[in-house]
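Q: A single structure is presented below for examination.
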Amino acid sequence: MPHFVIEYSRGVEDRHDIKEMMQIAFDAGVATKEMTPDTLKVRAKAYDDFLMENDAHSFVHVTAYMLSGRTEEQKLHIGGTLHSRLDEYLSL
């Protein structure tokens, strides 16, 4: 069963709706046709404490957990779709 875990710095929720971001990730996963709505799980976790170079103040990071068996091409397709959809949302 695939899982997407969205980790983000506290404060991102001041600019973006986390549930909407989770829905975008969910929809992106399903849109790849590499997973189905009944198997995909998405969760999000905020971090209060983090350290980043150049005094960056926020981040969003997504990890995709999947069972073995997908090709490198399939993994790149999933990652690329997630990245482009979330980048579009977070750029607003």
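By convention in this document, the chains of the structure tokens carry letters A, B, ... by their order, each chain's residues are numbered from 1, and ligands are numbered from 1 in the order they are shown.
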Please return, as an NGL selection string, all residues of chain A that DSSP assigns to helix (DSSP H, G or I) on the basis of the backbone.

A: :A and (12-15 or 18-31 or 53-55 or 72-90)

Q: Dump N, CA, C and O atoms for the selected residues as a compact mmCIF listing (two decimals), in the first residue's frame?

A:
# COMPACT_ATOMS: atom_id res chain seq x y z
N VAL A 12 3.74 26.97 7.51
CA VAL A 12 3.25 26.72 6.16
C VAL A 12 1.72 26.77 6.16
O VAL A 12 1.09 27.28 5.23
N GLU A 13 1.11 26.28 7.27
CA GLU A 13 -0.36 26.27 7.35
C GLU A 13 -0.94 27.68 7.44
O GLU A 13 -2.15 27.86 7.22
N ASP A 14 -0.10 28.69 7.69
CA ASP A 14 -0.58 30.08 7.68
C ASP A 14 -0.79 30.57 6.26
O ASP A 14 -1.56 31.51 6.03
N ARG A 15 -0.10 29.96 5.30
CA ARG A 15 -0.19 30.38 3.90
C ARG A 15 -0.93 29.39 3.01
O ARG A 15 -1.39 29.75 1.94
N ILE A 18 -3.45 22.78 4.70
CA ILE A 18 -2.77 21.49 4.74
C ILE A 18 -3.67 20.37 4.21
O ILE A 18 -3.21 19.49 3.47
N LYS A 19 -4.94 20.39 4.54
CA LYS A 19 -5.85 19.36 4.02
C LYS A 19 -5.95 19.45 2.49
O LYS A 19 -6.01 18.43 1.81
N GLU A 20 -5.94 20.66 1.96
CA GLU A 20 -5.96 20.82 0.51
C GLU A 20 -4.66 20.30 -0.11
O GLU A 20 -4.67 19.63 -1.15
N MET A 21 -3.54 20.57 0.54
CA MET A 21 -2.25 20.07 0.06
C MET A 21 -2.25 18.54 0.07
O MET A 21 -1.76 17.90 -0.86
N MET A 22 -2.82 17.94 1.11
CA MET A 22 -2.91 16.49 1.18
C MET A 22 -3.79 15.95 0.06
O MET A 22 -3.47 14.93 -0.56
N GLN A 23 -4.89 16.62 -0.22
CA GLN A 23 -5.79 16.20 -1.29
C GLN A 23 -5.10 16.29 -2.66
O GLN A 23 -5.27 15.41 -3.51
N ILE A 24 -4.32 17.34 -2.85
CA ILE A 24 -3.57 17.49 -4.10
C ILE A 24 -2.58 16.33 -4.27
O ILE A 24 -2.46 15.76 -5.35
N ALA A 25 -1.89 15.97 -3.18
CA ALA A 25 -0.96 14.84 -3.24
C ALA A 25 -1.71 13.55 -3.54
O ALA A 25 -1.27 12.73 -4.36
N PHE A 26 -2.83 13.36 -2.88
CA PHE A 26 -3.66 12.16 -3.11
C PHE A 26 -4.09 12.09 -4.57
O PHE A 26 -3.93 11.06 -5.23
N ASP A 27 -4.64 13.19 -5.07
CA ASP A 27 -5.11 13.22 -6.46
C ASP A 27 -3.97 12.99 -7.44
O ASP A 27 -4.15 12.34 -8.47
N ALA A 28 -2.80 13.54 -7.13
CA ALA A 28 -1.63 13.35 -8.00
C ALA A 28 -1.24 11.88 -8.05
O ALA A 28 -0.96 11.33 -9.12
N GLY A 29 -1.23 11.22 -6.90
CA GLY A 29 -0.91 9.80 -6.86
C GLY A 29 -1.87 8.97 -7.69
O GLY A 29 -1.46 8.11 -8.47
N VAL A 30 -3.15 9.24 -7.54
CA VAL A 30 -4.17 8.50 -8.29
C VAL A 30 -4.06 8.81 -9.78
O VAL A 30 -4.22 7.92 -10.62
N ALA A 31 -3.74 10.08 -10.12
CA ALA A 31 -3.64 10.48 -11.52
C ALA A 31 -2.53 9.74 -12.26
O ALA A 31 -2.59 9.58 -13.47
N GLU A 53 20.09 25.69 6.02
CA GLU A 53 21.11 26.61 5.57
C GLU A 53 20.49 27.93 5.11
O GLU A 53 19.33 27.97 4.67
N ASN A 54 21.23 28.97 5.20
CA ASN A 54 20.84 30.30 4.72
C ASN A 54 19.60 30.85 5.42
O ASN A 54 18.86 31.63 4.83
N ASP A 55 19.36 30.43 6.65
CA ASP A 55 18.22 30.94 7.42
C ASP A 55 16.88 30.77 6.70
O ASP A 55 15.99 31.60 6.85
N GLU A 72 11.89 1.94 -12.20
CA GLU A 72 12.45 3.29 -11.99
C GLU A 72 11.62 4.33 -12.75
O GLU A 72 11.38 5.43 -12.25
N GLU A 73 11.16 3.98 -13.92
CA GLU A 73 10.32 4.89 -14.72
C GLU A 73 9.02 5.20 -13.98
O GLU A 73 8.58 6.35 -13.96
N GLN A 74 8.40 4.20 -13.40
CA GLN A 74 7.17 4.41 -12.64
C GLN A 74 7.42 5.31 -11.43
O GLN A 74 6.63 6.22 -11.14
N LYS A 75 8.51 5.08 -10.72
CA LYS A 75 8.85 5.91 -9.56
C LYS A 75 9.09 7.35 -9.97
O LYS A 75 8.64 8.28 -9.28
N LEU A 76 9.79 7.55 -11.07
CA LEU A 76 10.03 8.90 -11.57
C LEU A 76 8.73 9.58 -11.98
O LEU A 76 8.55 10.79 -11.75
N HIS A 77 7.83 8.83 -12.57
CA HIS A 77 6.53 9.37 -12.96
C HIS A 77 5.74 9.82 -11.72
O HIS A 77 5.18 10.92 -11.70
N ILE A 78 5.72 8.99 -10.69
CA ILE A 78 5.01 9.33 -9.46
C ILE A 78 5.64 10.58 -8.82
O ILE A 78 4.95 11.53 -8.48
N GLY A 79 6.96 10.57 -8.67
CA GLY A 79 7.66 11.70 -8.06
C GLY A 79 7.50 12.98 -8.85
O GLY A 79 7.28 14.05 -8.28
N GLY A 80 7.58 12.89 -10.16
CA GLY A 80 7.43 14.07 -11.01
C GLY A 80 6.03 14.66 -10.94
O GLY A 80 5.86 15.88 -10.90
N THR A 81 5.04 13.78 -10.92
CA THR A 81 3.65 14.25 -10.83
C THR A 81 3.40 14.92 -9.48
O THR A 81 2.81 16.00 -9.41
N LEU A 82 3.85 14.29 -8.41
CA LEU A 82 3.72 14.89 -7.07
C LEU A 82 4.40 16.25 -7.02
O LEU A 82 3.82 17.24 -6.55
N HIS A 83 5.62 16.29 -7.50
CA HIS A 83 6.39 17.53 -7.46
C HIS A 83 5.69 18.65 -8.22
O HIS A 83 5.54 19.76 -7.71
N SER A 84 5.28 18.38 -9.45
CA SER A 84 4.69 19.44 -10.27
C SER A 84 3.37 19.94 -9.69
O SER A 84 3.11 21.15 -9.66
N ARG A 85 2.54 19.04 -9.20
CA ARG A 85 1.23 19.46 -8.65
C ARG A 85 1.41 20.23 -7.34
O ARG A 85 0.73 21.24 -7.12
N LEU A 86 2.28 19.76 -6.46
CA LEU A 86 2.48 20.47 -5.20
C LEU A 86 3.23 21.78 -5.41
O LEU A 86 2.92 22.78 -4.76
N ASP A 87 4.18 21.80 -6.33
CA ASP A 87 4.89 23.04 -6.64
C ASP A 87 3.92 24.11 -7.14
O ASP A 87 4.00 25.27 -6.75
N GLU A 88 3.01 23.70 -8.00
CA GLU A 88 2.01 24.63 -8.51
C GLU A 88 1.16 25.20 -7.37
O GLU A 88 0.93 26.41 -7.30
N TYR A 89 0.72 24.36 -6.48
CA TYR A 89 -0.11 24.80 -5.34
C TYR A 89 0.69 25.70 -4.39
O TYR A 89 0.21 26.76 -3.97
N LEU A 90 1.90 25.29 -4.06
CA LEU A 90 2.69 26.03 -3.09
C LEU A 90 3.22 27.34 -3.64
O LEU A 90 3.60 28.24 -2.88

Q: Excluding A:Gly69 and any residue of its chain fewer than 6 positions from it, enumerate the residues within 12 Å of it, using only C-alpha atoms, and give them as a PyMOL selection string.

A: chain A and resi 1-2+34+75

Q: Write out, as an mmCIF file, in the first residue's frame, the residues just selected, with all heavy atoms.

A:
data_model
loop_
_atom_site.group_PDB
_atom_site.id
_atom_site.type_symbol
_atom_site.label_atom_id
_atom_site.label_comp_id
_atom_site.auth_asym_id
_atom_site.auth_seq_id
_atom_site.Cartn_x
_atom_site.Cartn_y
_atom_site.Cartn_z
ATOM 1 N N MET A 1 0.835 -1.182 0.000
ATOM 2 C CA MET A 1 0.000 0.000 0.000
ATOM 3 C C MET A 1 0.880 1.246 0.000
ATOM 4 O O MET A 1 1.722 1.404 0.872
ATOM 5 C CB MET A 1 -0.887 0.032 1.235
ATOM 6 C CG MET A 1 -1.944 -1.005 1.238
ATOM 7 S SD MET A 1 -3.129 -0.607 2.532
ATOM 8 C CE MET A 1 -4.336 -1.824 2.133
ATOM 9 N N PRO A 2 0.685 2.139 -0.943
ATOM 10 C CA PRO A 2 1.491 3.356 -0.990
ATOM 11 C C PRO A 2 1.067 4.360 0.082
ATOM 12 O O PRO A 2 -0.108 4.472 0.429
ATOM 13 C CB PRO A 2 1.227 3.905 -2.387
ATOM 14 C CG PRO A 2 -0.067 3.313 -2.806
ATOM 15 C CD PRO A 2 -0.207 2.010 -2.082
ATOM 16 N N GLU A 34 -0.686 4.606 -11.097
ATOM 17 C CA GLU A 34 0.222 3.635 -10.480
ATOM 18 C C GLU A 34 -0.317 3.153 -9.136
ATOM 19 O O GLU A 34 0.245 2.255 -8.527
ATOM 20 C CB GLU A 34 1.608 4.245 -10.279
ATOM 21 C CG GLU A 34 2.289 4.716 -11.544
ATOM 22 C CD GLU A 34 2.616 3.595 -12.509
ATOM 23 O OE1 GLU A 34 2.676 2.422 -12.086
ATOM 24 O OE2 GLU A 34 2.794 3.900 -13.695
ATOM 25 N N LYS A 75 8.513 5.078 -10.724
ATOM 26 C CA LYS A 75 8.848 5.906 -9.561
ATOM 27 C C LYS A 75 9.091 7.351 -9.968
ATOM 28 O O LYS A 75 8.641 8.285 -9.280
ATOM 29 C CB LYS A 75 10.084 5.343 -8.859
ATOM 30 C CG LYS A 75 9.862 3.991 -8.209
ATOM 31 C CD LYS A 75 11.168 3.471 -7.645
ATOM 32 C CE LYS A 75 11.078 2.035 -7.234
ATOM 33 N NZ LYS A 75 12.371 1.504 -6.765
#

Q: For A:Asp17, which residue among A:Thr36, A:Leu92, A:Met66, A:Lys41 is the nearest when counting only C-alpha atoms?

A: A:Leu92

Q: At a cut-off of 8 Å, using only C-alpha atoms, what residues contact A:Val60? Leave out same-chain residues fewer than 2 positions from it and give the result as a ChimeraX atom specification.

A: /A:6-9,58,62

Q: Once DSSP has gone over the backbone, tell me which residues of chain A are in strand (DSSP E or B), as a list in words.

A: His3, Phe4, Val5, Ile6, Glu7, Tyr8, Ser9, Lys41, Val42, Arg43, Ala44, Lys45, Ala46, Tyr47, Val60, His61, Val62, Thr63, Ala64 and Tyr65 of chain A

Q: Output C-alpha atoms for every residue in the selection just made, as a compact mmCIF listing (two decimals), in the first residue's frame.

A:
# COMPACT_ATOMS: atom_id res chain seq x y z
CA HIS A 3 1.85 6.11 1.59
CA PHE A 4 2.74 9.76 1.03
CA VAL A 5 4.09 11.56 4.08
CA ILE A 6 4.15 15.34 3.84
CA GLU A 7 6.47 16.98 6.34
CA TYR A 8 6.44 20.76 6.64
CA SER A 9 7.68 23.55 8.82
CA LYS A 41 -2.72 6.87 2.29
CA VAL A 42 -1.61 10.49 2.78
CA ARG A 43 -0.61 12.07 6.06
CA ALA A 44 1.06 15.31 7.11
CA LYS A 45 3.24 16.33 10.01
CA ALA A 46 4.36 19.80 11.09
CA TYR A 47 7.75 20.51 12.63
CA VAL A 60 7.70 21.10 2.50
CA HIS A 61 9.07 17.60 1.96
CA VAL A 62 7.18 14.58 0.64
CA THR A 63 8.29 10.98 1.06
CA ALA A 64 6.57 8.25 -0.94
CA TYR A 65 6.58 4.77 0.57
